[in-house]
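**Q** Encoded as structure tokens, here's the structure I'll be asking about.
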Amino acid sequence: MTLSLVIGAMTPSGAAVADQPPSAAPPAPVVPRPTEWSDLGGSTVLTPRTRILIDPRTRARTALPAGQAELPGPARQSVQQLARQLRGEIARISGLSPRIGSGTSHAVAGDIVLRLGASKDGAPLGAEGYRFDSAGPVRIEAESTHGLFYGSRTLLQLLRATDSAHRTLPRARATDAPAQSVRMVHLDAARKYWQISYLENLIRRMGDQKLNTLFLHLSESEGFRLYSPKFPGLADPEHSYSRADIEHLKAFAARHHVQLMAGLELPGHATVISETFDIGFGAGANPCTAAHTHSHLTPDWIIDMTSKQAIKKSKAIVDEFAGWFDAPLFSIGAEEVPGQLANCPRVKDFLATDPDVTTLGDLLNRYINTLDDVVREHGKRTAVYNGSEHLDAPQQTVRAPVVFLTWEGTGGEPVIPGHDEIAIGPFYVTPNNYHNLYPDEPWMYDTWTPSGSPDMLGSGLPNWADYNFWAADGYFEQHMAGARAILADRAWNATPTPGSIDEFRSLTARIGDPPGLHAEPTGQPTDDGRPSHHWTFDPAPYPSGWTYAGSPGNTLYAEDTAGDLPGTSYIINNPSPVTGEGSVGGAWRFDHDRDGVGFGGLDVSEPWTVSVRVRPTARTPDQILLSSKAGALKLMQHGTGRVGITRYGSADHSFAYTLPLDRWTTLTWVAEPGRTTLYADGERVGTVEASIPLPMRSIGTEKASLRGDLDELLTWDEALKPAQAQAFLGKDVR
């Protein structure tokens, strides 16, 4: 059986193909690179006569009758659905709107033919492979609509990259199939709630780059993001995903051949579950204490694996949500159980009386296997993060089918014998000033080689939202996009990369985004005189939908009373809340270079205004108020000790003003394109002939913070006039 799509049918006199003598073959302008690519010279042109022709015998089909491999999972988009989708995408790119019909045997030069069926030459293409040939009729053949879809992505990228009209593609031949079965993007969707519009944009981008698994990590100590009436109080409906939301996302993802994989986190990282159902190690008689867990957390961070009630509730949660998702894998987390838990009397007593477990490692492994029973009942394989293998477990071993998400090692070869793995460790995106983890993109592109071992199922780019719980979706996107494109290229095509990483980045920019993305929030400047953000540093509880999981004094909450960008401090070297002593309500005291606050905002182009009350208590070489990877506002500029601004990689600028110690001062920066003016206690200090985008990532950096007290930090997306800048000074701005 065959399927054909035909695009650009021309009369014999039409110029559908421009023949040129072959020369030095240019690389394919496609990400990821096809595994085999031959440039034949010349080009093929789409025209207003473009058609999409479908073999009616395969119209409703998704794959060959023999079925597919377990991974990446079954195709859900039929040939007819793919054809309609492709027509719309071509229309968005080129302005052409091909009609859909049949008659595939009449393809002529310039047409595009998609064929679903067994390979004509007998060489299997697999679940996701395809062949592409644009020498005459542009032919794409595959054994499933996974492959047809990926072949159509190659077509669309070629159209976007080749000319400004997006109607021309090079004449070429390719045989293309992935090196790794799982090509994953991992989102921390528990500490942070992601807008569905962003998730849809991400899915479009993933499909365009042939990434096939979106892993939503949906429970953490700070939040649970799946709402089911079966578990009242576990998830806040306003900041979680309903069954209808997940069904919508699954259907959307299926059109882009992305599997939606869920991850929960048990028994550790589970404060919200433990406290909702009173099943943590800190609950009940003879509780464990702070000495039995990590110092910045409470014992309820871990579900009580010795409790029948806790085991029953754990199984019920997994049973409910494993059935919501369609990927072949379902994660239960299971990492970072603290070793000191073994010293808790409750655990000691249990181990002494249960003949099947001797150690904490036994207890954890049995818990994993118990939940694996539930996952398997849903026809899936269990995935866990690695870490349990480091605990001594003489009696219980994690079952062989369980897949390990390895966040240790280089991802070059499997490191846990007897288990399939997905490598995620080398690619962490954790853009806060405590972890400060960004993928090493040159290493990924030039050095890293994906493993071809049968035990290595694939690779994934993980995002973690620690201390950026309320960050803008676009903040993470700007840090993930480059590494995600490299991972897509390397996990699909494991051969050595050509050219330089700068050339690769230029190519991804040239190809651009796929059609149909939702518009990103722009944060247009305003001129109403109202602040965009206002952090008071007054005591305030976490907002609805987030659970405070820290021990006292850790991960403090910075409320934003004017906008929607709250922040948190980190887990070590936190600022200290103070009241009185001249503060307006409350203030935070910073006394260490690692003290900081994570916001995760996008930088704001000039014009802008910032005002803050500050009482410095010591002088250090570099004191940073607001920062991003691009620039910073300085309370004490490196080299001068004066108030300033910095554009990283370019220049430091200082005003003719040094902050006095041990008294409150209100500083106000007013920036316009090319110039920034500083006010101190309402008096104009001066202007520097330079400006930077307003940095909104964090207070401080990973190496430098301030020394002293901070209060009433405000920003405006406009340049306040002098009278406006002075009007609120000294007043209660709340």
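Each chain in the structure tokens gets a letter, A, B and so on, in the order shown; residues start at 1 in every chain, and ligands are counted from 1 in the order they appear.
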Run DSSP on the backbone and give me the residues of range 238-368 of chain A it puts in strand (DSSP E), as a CSV table (one decimal) with N, CA and C atoms, in the first residue's frame.
**A**
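The new file result06.csv reads:
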```
chain,number,residue,atom,x,y,z
A,259,GLN,N,5.2,12.3,22.5
A,259,GLN,CA,4.6,11.5,23.5
A,259,GLN,C,4.6,12.3,24.8
A,260,LEU,N,3.5,12.4,25.5
A,260,LEU,CA,3.4,13.1,26.8
A,260,LEU,C,3.7,12.1,27.9
A,261,MET,N,4.8,12.3,28.6
A,261,MET,CA,5.2,11.4,29.7
A,261,MET,C,5.1,12.2,31.0
A,262,ALA,N,4.5,11.5,32.0
A,262,ALA,CA,4.3,12.1,33.3
A,262,ALA,C,5.4,11.6,34.3
A,263,GLY,N,5.7,12.5,35.2
A,263,GLY,CA,6.6,12.1,36.3
A,263,GLY,C,6.0,12.6,37.6
A,264,LEU,N,5.9,11.7,38.6
A,264,LEU,CA,5.6,12.1,40.0
A,264,LEU,C,6.9,11.9,40.8
A,265,GLU,N,6.8,12.3,42.0
A,265,GLU,CA,8.1,12.2,42.9
A,265,GLU,C,7.7,11.6,44.2
A,266,LEU,N,8.1,10.4,44.4
A,266,LEU,CA,7.9,9.6,45.6
A,266,LEU,C,9.1,8.7,45.9
A,329,LEU,N,6.4,5.2,29.1
A,329,LEU,CA,7.1,5.3,30.4
A,329,LEU,C,6.3,6.2,31.3
A,330,PHE,N,6.4,5.9,32.6
A,330,PHE,CA,5.8,6.7,33.7
A,330,PHE,C,6.8,6.8,34.8
A,331,SER,N,7.2,8.0,35.3
A,331,SER,CA,8.2,8.1,36.3
A,331,SER,C,7.6,8.2,37.7
A,332,ILE,N,8.2,7.6,38.6
A,332,ILE,CA,7.8,7.8,40.0
A,332,ILE,C,8.9,8.5,40.8
A,333,GLY,N,10.0,9.0,40.2
A,333,GLY,CA,11.0,9.8,40.9
A,333,GLY,C,12.0,8.9,41.6
```
**Q** With a distance cut-off of 10 Å and only C-alpha atoms, select the neighbouring residues of Arg510 in chain A, excluding the residue or stretch itself and same-chain residues fewer than 6 positions from it, and output the selection as a tab-separated table (two decimals) with N, CA and C atoms, in the first residue's frame.
**A**
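Output file part35.tsv follows:
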```tsv
chain	number	residue	atom	x	y	z
A	29	PRO	N	20.36	22.09	5.13
A	29	PRO	CA	19.94	23.15	6.05
A	29	PRO	C	18.75	22.68	6.90
A	30	VAL	N	19.01	21.66	7.71
A	30	VAL	CA	17.97	21.00	8.49
A	30	VAL	C	18.53	20.69	9.87
A	157	GLN	N	11.36	22.68	6.95
A	157	GLN	CA	12.58	23.41	7.29
A	157	GLN	C	13.33	23.85	6.05
A	160	ARG	N	11.68	26.90	4.74
A	160	ARG	CA	11.93	28.09	5.56
A	160	ARG	C	13.35	28.61	5.39
A	161	ALA	N	14.29	27.69	5.12
A	161	ALA	CA	15.70	28.08	5.10
A	161	ALA	C	16.19	28.52	3.74
A	162	THR	N	15.48	28.18	2.65
A	162	THR	CA	16.09	28.30	1.32
A	162	THR	C	15.94	29.68	0.71
A	504	PHE	N	26.29	26.35	13.48
A	504	PHE	CA	25.06	25.66	13.83
A	504	PHE	C	24.03	26.64	14.36
```
**Q** Could you give me, as a PDB file with C-alpha atoms, in the first residue's frame, the residues within 12 Å of Gln340 in chain A, counting only C-alpha atoms and dropping anything in the same chain fewer than 6 positions from it?
**A**
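Resulting contents of around.pdb:
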```pdb
ATOM      1  CA  CYS A 288      11.654  11.314  62.513  1.00  0.00           C
ATOM      2  CA  THR A 289      13.334  14.676  63.070  1.00  0.00           C
ATOM      3  CA  ALA A 290      15.405  17.256  61.223  1.00  0.00           C
ATOM      4  CA  ALA A 291      18.462  15.163  62.062  1.00  0.00           C
ATOM      5  CA  HIS A 292      17.121  12.424  59.782  1.00  0.00           C
ATOM      6  CA  THR A 293      16.738  14.482  56.602  1.00  0.00           C
ATOM      7  CA  HIS A 294      18.554  17.181  54.661  1.00  0.00           C
ATOM      8  CA  SER A 295      19.244  20.227  56.823  1.00  0.00           C
ATOM      9  CA  PRO A 299      10.997  15.047  57.756  1.00  0.00           C
ATOM     10  CA  VAL A 347      12.936   3.191  60.496  1.00  0.00           C
ATOM     11  CA  LYS A 348      15.241   1.176  62.753  1.00  0.00           C
ATOM     12  CA  THR A 359      18.537  -1.621  55.185  1.00  0.00           C
ATOM     13  CA  LEU A 360      17.152   1.704  54.021  1.00  0.00           C
ATOM     14  CA  GLY A 361      18.149   0.644  50.503  1.00  0.00           C
ATOM     15  CA  LEU A 391      22.227   2.577  48.930  1.00  0.00           C
TER      16      LEU A 391
END
```
**Q** Could you write out, as a ChimeraX atom specification, all the residues of range 263-465 of chain A that DSSP marks as helix (DSSP H, G or I)?
**A** /A:271-277,290-292,299-301,308-322,339-343,345-353,360-377,388-390,425-427,441-446
**Q** Using only C-alpha atoms, find the one residue out of A:Pro394, A:Glu520, A:Gly529, A:Asn573 that sits nearest to Pro355 in chain A.
**A**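 Under the stated criterion, the closest residue is A:Pro394.
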**Q** So which residues touch range 95-100 of chain A within 9 Å, counting only C-alpha atoms, skipping near sequence neighbours fewer than 2 positions away, as a PyMOL selection string?
**A** chain A and resi 5-8+46-54+83-84+87-88+90-93+102+165-167
**Q** Using N, CA and C atoms, can you export the residues from the last selection as a JSON list (two decimals), in the first residue's frame?
**A**
```json
[["chain", "number", "residue", "atom", "x", "y", "z"],
["A", 5, "LEU", "N", 1.56, 12.31, -1.24],
["A", 5, "LEU", "CA", 1.21, 13.72, -1.24],
["A", 5, "LEU", "C", 1.93, 14.33, -2.42],
["A", 6, "VAL", "N", 1.24, 15.11, -3.20],
["A", 6, "VAL", "CA", 1.85, 15.72, -4.38],
["A", 6, "VAL", "C", 1.69, 17.21, -4.26],
["A", 7, "ILE", "N", 2.80, 17.91, -4.30],
["A", 7, "ILE", "CA", 2.78, 19.36, -4.17],
["A", 7, "ILE", "C", 3.52, 19.97, -5.34],
["A", 8, "GLY", "N", 2.95, 21.02, -5.91],
["A", 8, "GLY", "CA", 3.65, 21.75, -6.96],
["A", 8, "GLY", "C", 3.54, 21.10, -8.31],
["A", 46, "LEU", "N", 7.77, 25.23, -5.31],
["A", 46, "LEU", "CA", 6.33, 25.11, -5.15],
["A", 46, "LEU", "C", 5.63, 26.25, -5.90],
["A", 47, "THR", "N", 4.41, 25.98, -6.37],
["A", 47, "THR", "CA", 3.68, 26.98, -7.15],
["A", 47, "THR", "C", 2.23, 27.01, -6.69],
["A", 48, "PRO", "N", 1.44, 27.95, -7.23],
["A", 48, "PRO", "CA", 0.01, 27.97, -6.89],
["A", 48, "PRO", "C", -0.74, 26.70, -7.31],
["A", 49, "ARG", "N", -0.12, 25.86, -8.16],
["A", 49, "ARG", "CA", -0.77, 24.61, -8.56],
["A", 49, "ARG", "C", -0.46, 23.44, -7.62],
["A", 50, "THR", "N", 0.18, 23.72, -6.56],
["A", 50, "THR", "CA", 0.51, 22.69, -5.58],
["A", 50, "THR", "C", -0.72, 21.86, -5.20],
["A", 51, "ARG", "N", -0.51, 20.55, -5.14],
["A", 51, "ARG", "CA", -1.55, 19.63, -4.67],
["A", 51, "ARG", "C", -0.97, 18.69, -3.61],
["A", 52, "ILE", "N", -1.82, 18.17, -2.78],
["A", 52, "ILE", "CA", -1.47, 17.09, -1.86],
["A", 52, "ILE", "C", -2.32, 15.90, -2.25],
["A", 53, "LEU", "N", -1.66, 14.84, -2.67],
["A", 53, "LEU", "CA", -2.36, 13.65, -3.16],
["A", 53, "LEU", "C", -2.14, 12.49, -2.19],
["A", 54, "ILE", "N", -3.22, 11.83, -1.80],
["A", 54, "ILE", "CA", -3.18, 10.75, -0.82],
["A", 54, "ILE", "C", -3.70, 9.47, -1.46],
["A", 83, "ALA", "N", -1.87, 15.04, 6.25],
["A", 83, "ALA", "CA", -1.98, 15.79, 5.01],
["A", 83, "ALA", "C", -2.65, 17.14, 5.23],
["A", 84, "ARG", "N", -3.74, 17.14, 5.99],
["A", 84, "ARG", "CA", -4.43, 18.40, 6.27],
["A", 84, "ARG", "C", -3.54, 19.35, 7.06],
["A", 87, "ARG", "N", -0.87, 20.81, 4.79],
["A", 87, "ARG", "CA", -1.42, 21.86, 3.93],
["A", 87, "ARG", "C", -1.47, 23.20, 4.66],
["A", 88, "GLY", "N", -1.94, 23.19, 5.90],
["A", 88, "GLY", "CA", -2.00, 24.43, 6.66],
["A", 88, "GLY", "C", -0.63, 25.01, 6.95],
["A", 90, "ILE", "N", 2.14, 24.59, 5.12],
["A", 90, "ILE", "CA", 2.67, 25.15, 3.88],
["A", 90, "ILE", "C", 2.03, 26.50, 3.61],
["A", 91, "ALA", "N", 0.75, 26.62, 3.88],
["A", 91, "ALA", "CA", 0.06, 27.89, 3.66],
["A", 91, "ALA", "C", 0.64, 28.99, 4.55],
["A", 92, "ARG", "N", 0.91, 28.67, 5.81],
["A", 92, "ARG", "CA", 1.47, 29.68, 6.71],
["A", 92, "ARG", "C", 2.87, 30.10, 6.28],
["A", 93, "ILE", "N", 3.64, 29.16, 5.77],
["A", 93, "ILE", "CA", 5.02, 29.46, 5.40],
["A", 93, "ILE", "C", 5.10, 30.19, 4.07],
["A", 102, "SER", "N", -6.30, 12.61, -4.77],
["A", 102, "SER", "CA", -5.64, 11.33, -5.00],
["A", 102, "SER", "C", -4.98, 11.38, -6.37],
["A", 165, "ALA", "N", 10.81, 33.71, -0.08],
["A", 165, "ALA", "CA", 9.42, 33.37, -0.41],
["A", 165, "ALA", "C", 9.01, 32.02, 0.17],
["A", 166, "HIS", "N", 9.98, 31.24, 0.61],
["A", 166, "HIS", "CA", 9.73, 29.93, 1.22],
["A", 166, "HIS", "C", 8.95, 29.00, 0.29],
["A", 167, "ARG", "N", 9.34, 29.00, -0.97],
["A", 167, "ARG", "CA", 8.71, 28.11, -1.94],
["A", 167, "ARG", "C", 9.73, 27.24, -2.68]]
```
**Q** Determine, counting only C-alpha atoms, which protein, DNA and RNA residues have an atom within 6 Å of an atom of Ser569 in chain A; residues of the same chain fewer than 6 positions away are not included. Present the result as a PDB file with C-alpha atoms, in the first residue's frame.
**A**
```pdb
ATOM      1  CA  THR A 555      13.519  29.526  50.758  1.00  0.00           C
ATOM      2  CA  LEU A 556      11.909  32.746  51.951  1.00  0.00           C
ATOM      3  CA  GLY A 596      20.124  36.024  46.796  1.00  0.00           C
ATOM      4  CA  VAL A 597      16.579  35.992  45.480  1.00  0.00           C
TER       5      VAL A 597
END
```
**Q** Which residues are near range 643-660 of chain A? Cut-off 8 Å, only C-alpha atoms, ignore same chain within fewer than 6 positions. Put them as a ChimeraX atom specification.
**A** /A:616,629-637,678,685-688,690-692
**Q** Quick one: everything within 6 Å of Gly387 in chain A, counting only C-alpha atoms, minus sequence neighbours fewer than 2 positions away in the same chain. Send it as a ChimeraX atom specification.
**A** /A:335,389-390
**Q** With N, CA and C atoms retained, export the selected residues as an mmCIF file, in the first residue's frame.
**A**
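After the write, result_25.cif holds the following:
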```cif
data_model
loop_
_atom_site.group_PDB
_atom_site.id
_atom_site.type_symbol
_atom_site.label_atom_id
_atom_site.label_comp_id
_atom_site.auth_asym_id
_atom_site.auth_seq_id
_atom_site.Cartn_x
_atom_site.Cartn_y
_atom_site.Cartn_z
ATOM 1 N N GLU A 335 14.372 9.391 43.903
ATOM 2 C CA GLU A 335 15.789 9.683 44.159
ATOM 3 C C GLU A 335 15.960 10.600 45.358
ATOM 4 N N GLU A 389 20.711 3.165 43.554
ATOM 5 C CA GLU A 389 21.781 2.155 43.426
ATOM 6 C C GLU A 389 22.943 2.423 44.381
ATOM 7 N N HIS A 390 22.987 3.626 44.972
ATOM 8 C CA HIS A 390 24.074 3.944 45.892
ATOM 9 C C HIS A 390 23.796 3.466 47.317
#
```
**Q** Nearest to Thr271 in chain A among A:Ala671, A:Ala549, A:Glu200, A:Gly339, with distances taken over only C-alpha atoms: which residue is it?
**A** A:Ala549
**Q** Could you state the separation of CA of Asn369 in chain A and CA of Tyr428 in chain A in Å, given to one decimal place?
**A**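 One can read the CA of Asn369 in chain A to CA of Tyr428 in chain A distance as 27.5 Å.
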**Q** Between A:Ile572, A:Ile368, A:Leu297, A:Met305, single out the one closest to Pro552 in chain A, counting only C-alpha atoms.
**A**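 Using only C-alpha atoms, Pro552 in chain A sits closest to A:Leu297.
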